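Asks: Data: my_file-v3.cif, mmCIF, N, CA and C atoms and all ligand atoms.
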```cif
data_upload
#
loop_
_atom_site.label_atom_id
_atom_site.label_comp_id
_atom_site.auth_asym_id
_atom_site.auth_seq_id
_atom_site.Cartn_x
_atom_site.Cartn_y
_atom_site.Cartn_z
N MET A 1 3.56 -20.70 -11.36
CA MET A 1 3.37 -19.53 -10.50
C MET A 1 4.72 -19.11 -9.90
N SER A 2 4.94 -17.82 -9.77
CA SER A 2 6.22 -17.34 -9.27
C SER A 2 6.28 -17.43 -7.75
N ASP A 3 7.42 -17.09 -7.19
CA ASP A 3 7.62 -17.18 -5.75
C ASP A 3 6.64 -16.29 -5.00
N ALA A 4 6.33 -16.71 -3.79
CA ALA A 4 5.46 -15.90 -2.93
C ALA A 4 6.13 -14.55 -2.65
N TYR A 5 5.28 -13.57 -2.42
CA TYR A 5 5.77 -12.26 -1.99
C TYR A 5 5.91 -12.30 -0.47
N THR A 6 7.13 -12.09 0.02
CA THR A 6 7.36 -12.12 1.46
C THR A 6 7.91 -10.77 1.90
N GLY A 7 7.65 -10.46 3.16
CA GLY A 7 8.16 -9.20 3.69
C GLY A 7 7.68 -8.99 5.10
N GLY A 8 7.87 -7.76 5.58
CA GLY A 8 7.45 -7.46 6.94
C GLY A 8 7.93 -6.08 7.35
N CYS A 9 7.83 -5.83 8.64
CA CYS A 9 8.20 -4.52 9.20
C CYS A 9 9.72 -4.41 9.31
N ALA A 10 10.19 -3.30 9.83
CA ALA A 10 11.63 -3.05 9.89
C ALA A 10 12.34 -3.94 10.91
N CYS A 11 11.67 -4.33 11.99
CA CYS A 11 12.34 -5.12 13.03
C CYS A 11 12.09 -6.61 12.89
N GLY A 12 11.13 -7.01 12.05
CA GLY A 12 10.89 -8.42 11.83
C GLY A 12 9.81 -9.03 12.71
N ALA A 13 9.18 -8.25 13.58
CA ALA A 13 8.13 -8.79 14.46
C ALA A 13 6.85 -9.12 13.70
N VAL A 14 6.58 -8.39 12.63
CA VAL A 14 5.39 -8.65 11.81
C VAL A 14 5.88 -9.08 10.43
N ARG A 15 5.44 -10.26 9.99
CA ARG A 15 5.87 -10.82 8.70
C ARG A 15 4.65 -11.27 7.91
N TYR A 16 4.79 -11.25 6.58
CA TYR A 16 3.70 -11.78 5.75
C TYR A 16 4.27 -12.62 4.62
N GLU A 17 3.40 -13.47 4.09
CA GLU A 17 3.73 -14.28 2.92
C GLU A 17 2.48 -14.34 2.06
N ILE A 18 2.60 -13.97 0.79
CA ILE A 18 1.44 -13.88 -0.09
C ILE A 18 1.68 -14.73 -1.33
N SER A 19 0.84 -15.74 -1.51
CA SER A 19 0.98 -16.66 -2.65
C SER A 19 0.06 -16.24 -3.77
N ALA A 20 0.32 -15.08 -4.34
CA ALA A 20 -0.51 -14.55 -5.43
C ALA A 20 0.29 -13.45 -6.10
N GLU A 21 -0.21 -13.03 -7.26
CA GLU A 21 0.39 -11.90 -7.95
C GLU A 21 -0.44 -10.64 -7.66
N PRO A 22 0.22 -9.48 -7.53
CA PRO A 22 -0.55 -8.26 -7.27
C PRO A 22 -1.42 -7.89 -8.47
N ILE A 23 -2.60 -7.31 -8.15
CA ILE A 23 -3.51 -6.88 -9.22
C ILE A 23 -3.41 -5.38 -9.46
N PHE A 24 -2.74 -4.67 -8.55
CA PHE A 24 -2.66 -3.20 -8.67
C PHE A 24 -1.41 -2.76 -7.93
N MET A 25 -0.62 -1.88 -8.58
CA MET A 25 0.57 -1.34 -7.91
C MET A 25 0.59 0.16 -8.16
N ASN A 26 0.59 0.92 -7.09
CA ASN A 26 0.49 2.38 -7.25
C ASN A 26 1.34 3.14 -6.24
N HIS A 27 1.78 4.30 -6.70
CA HIS A 27 2.26 5.33 -5.78
C HIS A 27 1.04 6.17 -5.43
N CYS A 28 0.86 6.49 -4.15
CA CYS A 28 -0.26 7.35 -3.78
C CYS A 28 0.26 8.59 -3.07
N GLN A 29 -0.15 9.75 -3.61
CA GLN A 29 0.35 11.02 -3.08
C GLN A 29 -0.67 11.72 -2.19
N CYS A 30 -1.68 10.98 -1.69
CA CYS A 30 -2.66 11.64 -0.81
C CYS A 30 -2.01 12.03 0.52
N ARG A 31 -2.68 12.92 1.25
CA ARG A 31 -2.10 13.42 2.50
C ARG A 31 -1.92 12.29 3.52
N ASP A 32 -2.86 11.35 3.57
CA ASP A 32 -2.71 10.21 4.48
C ASP A 32 -1.41 9.47 4.22
N CYS A 33 -1.16 9.19 2.94
CA CYS A 33 0.04 8.42 2.59
C CYS A 33 1.30 9.24 2.84
N GLN A 34 1.22 10.55 2.65
CA GLN A 34 2.36 11.40 2.98
C GLN A 34 2.66 11.31 4.48
N LYS A 35 1.62 11.43 5.30
CA LYS A 35 1.82 11.42 6.75
C LYS A 35 2.38 10.09 7.23
N VAL A 36 1.82 9.00 6.69
CA VAL A 36 2.24 7.68 7.15
C VAL A 36 3.65 7.33 6.68
N SER A 37 3.98 7.77 5.45
CA SER A 37 5.30 7.43 4.91
C SER A 37 6.38 8.38 5.41
N GLY A 38 5.97 9.57 5.85
CA GLY A 38 6.96 10.57 6.27
C GLY A 38 7.59 11.29 5.10
N THR A 39 7.11 11.02 3.87
CA THR A 39 7.65 11.72 2.71
C THR A 39 6.51 11.97 1.71
N GLY A 40 6.81 12.04 0.41
CA GLY A 40 5.83 12.54 -0.54
C GLY A 40 4.73 11.59 -0.98
N HIS A 41 4.90 10.30 -0.76
CA HIS A 41 3.89 9.34 -1.22
C HIS A 41 4.11 7.99 -0.56
N GLY A 42 3.08 7.15 -0.66
CA GLY A 42 3.21 5.75 -0.30
C GLY A 42 3.29 4.92 -1.57
N SER A 43 3.89 3.76 -1.50
CA SER A 43 4.03 2.88 -2.65
C SER A 43 3.50 1.51 -2.26
N TYR A 44 2.54 1.01 -3.07
CA TYR A 44 1.74 -0.14 -2.63
C TYR A 44 1.57 -1.22 -3.69
N LEU A 45 1.46 -2.45 -3.21
CA LEU A 45 1.04 -3.58 -4.04
C LEU A 45 -0.25 -4.13 -3.43
N THR A 46 -1.26 -4.31 -4.28
CA THR A 46 -2.54 -4.83 -3.79
C THR A 46 -2.78 -6.22 -4.36
N PHE A 47 -3.13 -7.13 -3.45
CA PHE A 47 -3.36 -8.54 -3.80
C PHE A 47 -4.85 -8.85 -3.70
N PRO A 48 -5.32 -9.82 -4.53
CA PRO A 48 -6.76 -10.00 -4.70
C PRO A 48 -7.47 -10.78 -3.60
N SER A 49 -6.77 -11.60 -2.82
CA SER A 49 -7.49 -12.49 -1.91
C SER A 49 -6.78 -12.67 -0.58
N ARG A 50 -7.50 -12.39 0.50
CA ARG A 50 -6.96 -12.59 1.84
C ARG A 50 -6.64 -14.05 2.10
N ALA A 51 -7.34 -14.96 1.38
CA ALA A 51 -7.11 -16.40 1.58
C ALA A 51 -5.69 -16.80 1.21
N GLN A 52 -5.03 -15.96 0.38
CA GLN A 52 -3.67 -16.29 -0.07
C GLN A 52 -2.61 -15.57 0.75
N VAL A 53 -3.03 -14.95 1.86
CA VAL A 53 -2.12 -14.14 2.69
C VAL A 53 -1.96 -14.79 4.05
N LYS A 54 -0.69 -14.95 4.47
CA LYS A 54 -0.42 -15.39 5.84
C LYS A 54 0.33 -14.27 6.55
N VAL A 55 -0.16 -13.89 7.72
CA VAL A 55 0.54 -12.87 8.50
C VAL A 55 1.00 -13.52 9.80
N ALA A 56 2.26 -13.29 10.16
CA ALA A 56 2.80 -13.78 11.43
C ALA A 56 3.17 -12.58 12.28
N GLY A 57 2.89 -12.66 13.57
CA GLY A 57 3.14 -11.51 14.45
C GLY A 57 1.89 -10.65 14.50
N GLN A 58 1.81 -9.79 15.47
CA GLN A 58 0.60 -9.00 15.68
C GLN A 58 0.84 -7.54 15.34
N ALA A 59 0.25 -7.10 14.25
CA ALA A 59 0.32 -5.68 13.90
C ALA A 59 -0.71 -4.91 14.73
N THR A 60 -0.45 -3.64 14.95
CA THR A 60 -1.45 -2.75 15.54
C THR A 60 -2.25 -2.14 14.40
N HIS A 61 -3.57 -2.02 14.60
CA HIS A 61 -4.44 -1.52 13.53
C HIS A 61 -4.92 -0.12 13.83
N TRP A 62 -4.96 0.68 12.79
CA TRP A 62 -5.41 2.06 12.91
C TRP A 62 -6.36 2.33 11.75
N ASP A 63 -7.59 2.75 12.07
CA ASP A 63 -8.61 2.98 11.05
C ASP A 63 -8.66 4.44 10.64
N THR A 64 -8.77 4.66 9.33
CA THR A 64 -9.03 6.02 8.85
C THR A 64 -10.21 5.94 7.88
N VAL A 65 -10.87 7.06 7.68
CA VAL A 65 -11.99 7.11 6.75
C VAL A 65 -11.51 7.84 5.50
N ALA A 66 -11.57 7.14 4.36
CA ALA A 66 -11.11 7.70 3.10
C ALA A 66 -12.15 8.67 2.54
N ASP A 67 -11.76 9.37 1.48
CA ASP A 67 -12.61 10.36 0.81
C ASP A 67 -14.05 9.91 0.61
N ARG A 68 -14.20 8.68 0.14
CA ARG A 68 -15.54 8.20 -0.21
C ARG A 68 -16.27 7.62 0.99
N GLY A 69 -15.70 7.76 2.17
CA GLY A 69 -16.37 7.27 3.36
C GLY A 69 -16.02 5.83 3.71
N ASN A 70 -15.16 5.22 2.90
CA ASN A 70 -14.76 3.84 3.18
C ASN A 70 -13.71 3.79 4.28
N VAL A 71 -13.85 2.81 5.16
CA VAL A 71 -12.87 2.66 6.24
C VAL A 71 -11.67 1.86 5.73
N LYS A 72 -10.52 2.44 6.00
CA LYS A 72 -9.24 1.87 5.58
C LYS A 72 -8.49 1.56 6.86
N THR A 73 -8.00 0.34 6.99
CA THR A 73 -7.28 -0.04 8.20
C THR A 73 -5.81 -0.22 7.87
N ARG A 74 -4.98 0.50 8.61
CA ARG A 74 -3.53 0.39 8.40
C ARG A 74 -2.93 -0.49 9.49
N GLY A 75 -2.12 -1.47 9.07
CA GLY A 75 -1.45 -2.35 10.02
C GLY A 75 0.01 -1.94 10.12
N PHE A 76 0.44 -1.61 11.34
CA PHE A 76 1.84 -1.24 11.54
C PHE A 76 2.41 -1.99 12.73
N CYS A 77 3.72 -2.06 12.79
CA CYS A 77 4.37 -2.83 13.86
C CYS A 77 4.41 -2.01 15.15
N PRO A 78 3.90 -2.58 16.26
CA PRO A 78 3.91 -1.84 17.52
C PRO A 78 5.32 -1.66 18.09
N ALA A 79 6.28 -2.46 17.64
CA ALA A 79 7.64 -2.35 18.17
C ALA A 79 8.47 -1.32 17.40
N CYS A 80 8.50 -1.41 16.08
CA CYS A 80 9.36 -0.50 15.30
C CYS A 80 8.57 0.61 14.62
N GLY A 81 7.25 0.49 14.57
CA GLY A 81 6.41 1.55 13.99
C GLY A 81 6.30 1.51 12.48
N ALA A 82 6.98 0.57 11.84
CA ALA A 82 6.95 0.55 10.37
C ALA A 82 5.57 0.16 9.85
N PRO A 83 5.05 0.89 8.83
CA PRO A 83 3.79 0.49 8.21
C PRO A 83 4.00 -0.76 7.37
N VAL A 84 3.06 -1.71 7.45
CA VAL A 84 3.24 -2.97 6.74
C VAL A 84 2.12 -3.22 5.73
N TYR A 85 0.86 -3.10 6.16
CA TYR A 85 -0.22 -3.44 5.25
C TYR A 85 -1.45 -2.57 5.46
N LEU A 86 -2.39 -2.68 4.49
CA LEU A 86 -3.68 -2.00 4.59
C LEU A 86 -4.77 -2.98 4.19
N THR A 87 -5.91 -2.82 4.83
CA THR A 87 -7.10 -3.55 4.42
C THR A 87 -8.25 -2.54 4.34
N PHE A 88 -9.34 -2.96 3.66
CA PHE A 88 -10.43 -2.04 3.33
C PHE A 88 -11.75 -2.69 3.71
N ALA A 89 -12.52 -2.03 4.57
CA ALA A 89 -13.78 -2.61 5.04
C ALA A 89 -14.73 -2.90 3.89
N ALA A 90 -14.75 -2.03 2.88
CA ALA A 90 -15.70 -2.19 1.78
C ALA A 90 -15.25 -3.24 0.76
N MET A 91 -13.97 -3.61 0.80
CA MET A 91 -13.43 -4.60 -0.14
C MET A 91 -12.60 -5.59 0.68
N PRO A 92 -13.28 -6.43 1.46
CA PRO A 92 -12.60 -7.23 2.48
C PRO A 92 -11.63 -8.27 1.93
N ASP A 93 -11.71 -8.60 0.65
CA ASP A 93 -10.78 -9.58 0.09
C ASP A 93 -9.40 -8.98 -0.20
N LEU A 94 -9.34 -7.68 -0.41
CA LEU A 94 -8.07 -7.08 -0.83
C LEU A 94 -7.09 -6.99 0.34
N PHE A 95 -5.83 -7.14 -0.01
CA PHE A 95 -4.76 -7.00 0.98
C PHE A 95 -3.63 -6.23 0.30
N THR A 96 -3.26 -5.10 0.87
CA THR A 96 -2.29 -4.20 0.27
C THR A 96 -1.06 -4.10 1.17
N VAL A 97 0.12 -4.19 0.58
CA VAL A 97 1.35 -4.04 1.37
C VAL A 97 2.16 -2.86 0.86
N HIS A 98 2.98 -2.31 1.74
CA HIS A 98 3.89 -1.23 1.38
C HIS A 98 5.08 -1.81 0.62
N ALA A 99 5.44 -1.17 -0.50
CA ALA A 99 6.47 -1.72 -1.38
C ALA A 99 7.79 -1.98 -0.65
N ALA A 100 8.19 -1.06 0.21
CA ALA A 100 9.50 -1.20 0.86
C ALA A 100 9.48 -2.25 1.97
N SER A 101 8.28 -2.76 2.32
CA SER A 101 8.23 -3.84 3.31
C SER A 101 8.58 -5.19 2.68
N LEU A 102 8.61 -5.26 1.35
CA LEU A 102 8.97 -6.52 0.68
C LEU A 102 10.41 -6.90 0.99
N ASP A 103 10.66 -8.19 1.09
CA ASP A 103 12.06 -8.64 1.21
C ASP A 103 12.83 -8.26 -0.05
N ASP A 104 12.14 -8.26 -1.19
CA ASP A 104 12.75 -7.84 -2.45
C ASP A 104 11.93 -6.70 -3.06
N PRO A 105 12.19 -5.46 -2.65
CA PRO A 105 11.40 -4.32 -3.14
C PRO A 105 11.52 -4.13 -4.64
N GLY A 106 12.49 -4.77 -5.27
CA GLY A 106 12.66 -4.71 -6.73
C GLY A 106 11.49 -5.34 -7.47
N ARG A 107 10.67 -6.12 -6.77
CA ARG A 107 9.51 -6.74 -7.42
C ARG A 107 8.36 -5.75 -7.61
N TYR A 108 8.46 -4.60 -6.98
CA TYR A 108 7.43 -3.57 -7.15
C TYR A 108 7.60 -2.89 -8.51
N ALA A 109 6.53 -2.85 -9.29
CA ALA A 109 6.56 -2.20 -10.60
C ALA A 109 5.29 -1.38 -10.74
N PRO A 110 5.31 -0.12 -10.28
CA PRO A 110 4.08 0.67 -10.22
C PRO A 110 3.43 0.85 -11.59
N HIS A 111 2.07 0.80 -11.61
CA HIS A 111 1.30 1.02 -12.83
C HIS A 111 0.87 2.47 -12.95
N VAL A 112 0.53 3.08 -11.81
CA VAL A 112 -0.11 4.39 -11.83
C VAL A 112 0.28 5.19 -10.59
N VAL A 113 -0.01 6.51 -10.68
CA VAL A 113 0.10 7.40 -9.53
C VAL A 113 -1.32 7.84 -9.17
N THR A 114 -1.69 7.71 -7.90
CA THR A 114 -3.01 8.16 -7.47
C THR A 114 -2.89 9.39 -6.57
N TYR A 115 -3.96 10.16 -6.54
CA TYR A 115 -4.02 11.40 -5.76
C TYR A 115 -2.91 12.39 -6.12
N SER A 116 -2.63 12.47 -7.44
CA SER A 116 -1.60 13.42 -7.87
C SER A 116 -2.01 14.85 -7.56
N VAL A 117 -3.31 15.07 -7.32
CA VAL A 117 -3.80 16.40 -6.97
C VAL A 117 -3.14 16.90 -5.68
N ARG A 118 -2.68 15.99 -4.85
CA ARG A 118 -2.04 16.36 -3.58
C ARG A 118 -0.51 16.37 -3.65
N ALA A 119 0.04 16.15 -4.83
CA ALA A 119 1.50 16.01 -4.94
C ALA A 119 2.22 17.27 -4.50
N ASN A 120 3.34 17.09 -3.84
CA ASN A 120 4.23 18.20 -3.54
C ASN A 120 5.19 18.40 -4.70
N ALA A 121 5.57 19.67 -4.94
CA ALA A 121 6.42 19.98 -6.09
C ALA A 121 7.75 19.23 -6.05
N TRP A 122 8.16 18.87 -4.85
CA TRP A 122 9.46 18.20 -4.71
C TRP A 122 9.38 16.68 -4.83
N ASP A 123 8.17 16.15 -4.96
CA ASP A 123 8.01 14.70 -4.99
C ASP A 123 7.91 14.21 -6.44
N HIS A 124 9.04 14.05 -7.08
CA HIS A 124 9.07 13.65 -8.49
C HIS A 124 8.94 12.16 -8.65
N LEU A 125 8.01 11.75 -9.51
CA LEU A 125 7.83 10.34 -9.82
C LEU A 125 8.02 10.16 -11.32
N ASP A 126 8.15 8.91 -11.74
CA ASP A 126 8.31 8.56 -13.15
C ASP A 126 7.22 9.25 -13.99
N THR A 127 7.63 10.12 -14.90
CA THR A 127 6.65 10.88 -15.68
C THR A 127 5.91 10.00 -16.70
N ALA A 128 6.42 8.78 -16.93
CA ALA A 128 5.75 7.87 -17.86
C ALA A 128 4.51 7.21 -17.23
N LEU A 129 4.37 7.30 -15.93
CA LEU A 129 3.23 6.65 -15.26
C LEU A 129 1.95 7.47 -15.43
N PRO A 130 0.83 6.81 -15.75
CA PRO A 130 -0.46 7.53 -15.77
C PRO A 130 -0.76 8.08 -14.38
N LYS A 131 -1.28 9.32 -14.38
CA LYS A 131 -1.62 9.95 -13.10
C LYS A 131 -3.12 10.12 -12.98
N PHE A 132 -3.63 9.81 -11.80
CA PHE A 132 -5.03 10.04 -11.49
C PHE A 132 -5.10 11.08 -10.39
N GLU A 133 -5.97 12.08 -10.56
CA GLU A 133 -6.07 13.13 -9.55
C GLU A 133 -6.49 12.55 -8.21
N LYS A 134 -7.40 11.54 -8.27
CA LYS A 134 -7.80 10.84 -7.04
C LYS A 134 -7.57 9.35 -7.27
N MET A 135 -8.54 8.52 -6.89
CA MET A 135 -8.41 7.10 -7.21
C MET A 135 -9.08 6.86 -8.55
N PRO A 136 -8.57 5.92 -9.36
CA PRO A 136 -9.27 5.58 -10.60
C PRO A 136 -10.68 5.09 -10.25
N ALA A 137 -11.62 5.32 -11.13
CA ALA A 137 -13.00 4.87 -10.88
C ALA A 137 -13.03 3.36 -10.70
N GLY A 138 -13.93 2.91 -9.85
CA GLY A 138 -14.02 1.47 -9.65
C GLY A 138 -14.36 1.16 -8.21
ZN ZN B 1 8.72 -4.15 13.64
ZN ZN B 2 -2.87 7.60 -0.33
#
```
Take the structure I supplied and represent it as structure tokens, if you would.
Replies:
Amino acid sequence: MSDAYTGGCACGAVRYEISAEPIFMNHCQCRDCQKVSGTGHGSYLTFPSRAQVKVAGQATHWDTVADRGNVKTRGFCPACGAPVYLTFAAMPDLFTVHAASLDDPGRYAPHVVTYSVRANAWDHLDTALPKFEKMPAG
């Protein structure tokens, strides 16, 4: 098994360590991700099991309701404001982190683009990536 995925917020108050490989890596161009990232999309790695995740420090949680009515909780640092992770009420095992929160963001290798229907003309992503207008079915 490869090294754990480690990372955290911009100031270091919130840290995580994940002893698993991501099952999904995506750029998301939905309006929520635009607002939270401050630019054209969010970039995420999703891990399969909360049991393999350790979080140190206390993130502030903010709930939003996604298109399908599922509650999505965003964890961000109360000191520096950086977004760190997301969890999903309907899929409680999943744990998603923001790509740039990784200590080594080079480990992010996106598979797909989601919510391309919301893309801004100026937000160019790798044209080789499959694009989904919303989220892939599942
Ligand atoms: Zn911070
Ligand atoms: Zn999104």
Asks: What does the distance from CA of Lys134 in chain A to CA of Gly69 in chain A come to in Å, to one decimal?
Replies: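 Distance reported for this atom pair: 13.9 Å.
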Asks: Can you tell me which residues come within 6 Å of ligand ZN 1 (chain B) when counting only N, CA and C atoms and all ligand atoms, ideally as an MDAnalysis selection string?
Replies: chainID A and resid 9:14 77:82
Asks: Pick from A:Ala51, A:Ala4, A:Val36, A:Ala121: nearest to ligand ZN 2 (chain B), with only C-alpha atoms and all ligand atoms counted?
Replies: A:Val36
Asks: Can you list every residue of chain A that has an atom at most 5 Å from ligand ZN 2 (chain B), with its nearest atom pair and the distance in Å to one decimal, using all atoms listed in the file, ordered by chain then number, as a tab-separated table?
Replies:
```
residue	atom	partner	partner_atom	distance
A:Cys28	C	B:ZN2	ZN	4.3
A:Gln29	N	B:ZN2	ZN	4.8
A:Cys30	N	B:ZN2	ZN	3.8
A:Cys33	N	B:ZN2	ZN	4.0
```
Asks: One decimal, Å: what's the distance from atom N of Leu86 in chain A over to atom N of Ser116 in chain A, could you say?
Replies: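 Going from atom N of Leu86 in chain A over to atom N of Ser116 in chain A, I get 19.3 Å.
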Asks: Where's the centre, and what are the edge lengths in Å to one decimal, of a box along x, y and z enclosing all listed atoms of range 18-35 of chain A padded 6 Å per side, as lines of an AutoDock Vina configuration file?
Replies:
```
center_x = -0.4
center_y = -1.6
center_z = -1.1
size_x = 18.2
size_y = 42.1
size_z = 28.7
```
Asks: When you count only C-alpha atoms, which of these residues is closest to Lys131 in chain A: A:Arg50, A:Arg118, A:Arg107, A:His98?
Replies: A:Arg118
Asks: Using only N, CA and C atoms for the distances, tell me which of A:Val113, A:Ala119, A:Tyr108, A:His124 is nearest to Pro136 in chain A.
Replies: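 Going through A:Val113, A:Ala119, A:Tyr108, A:His124 one by one, the smallest distance to Pro136 in chain A is for A:Val113.
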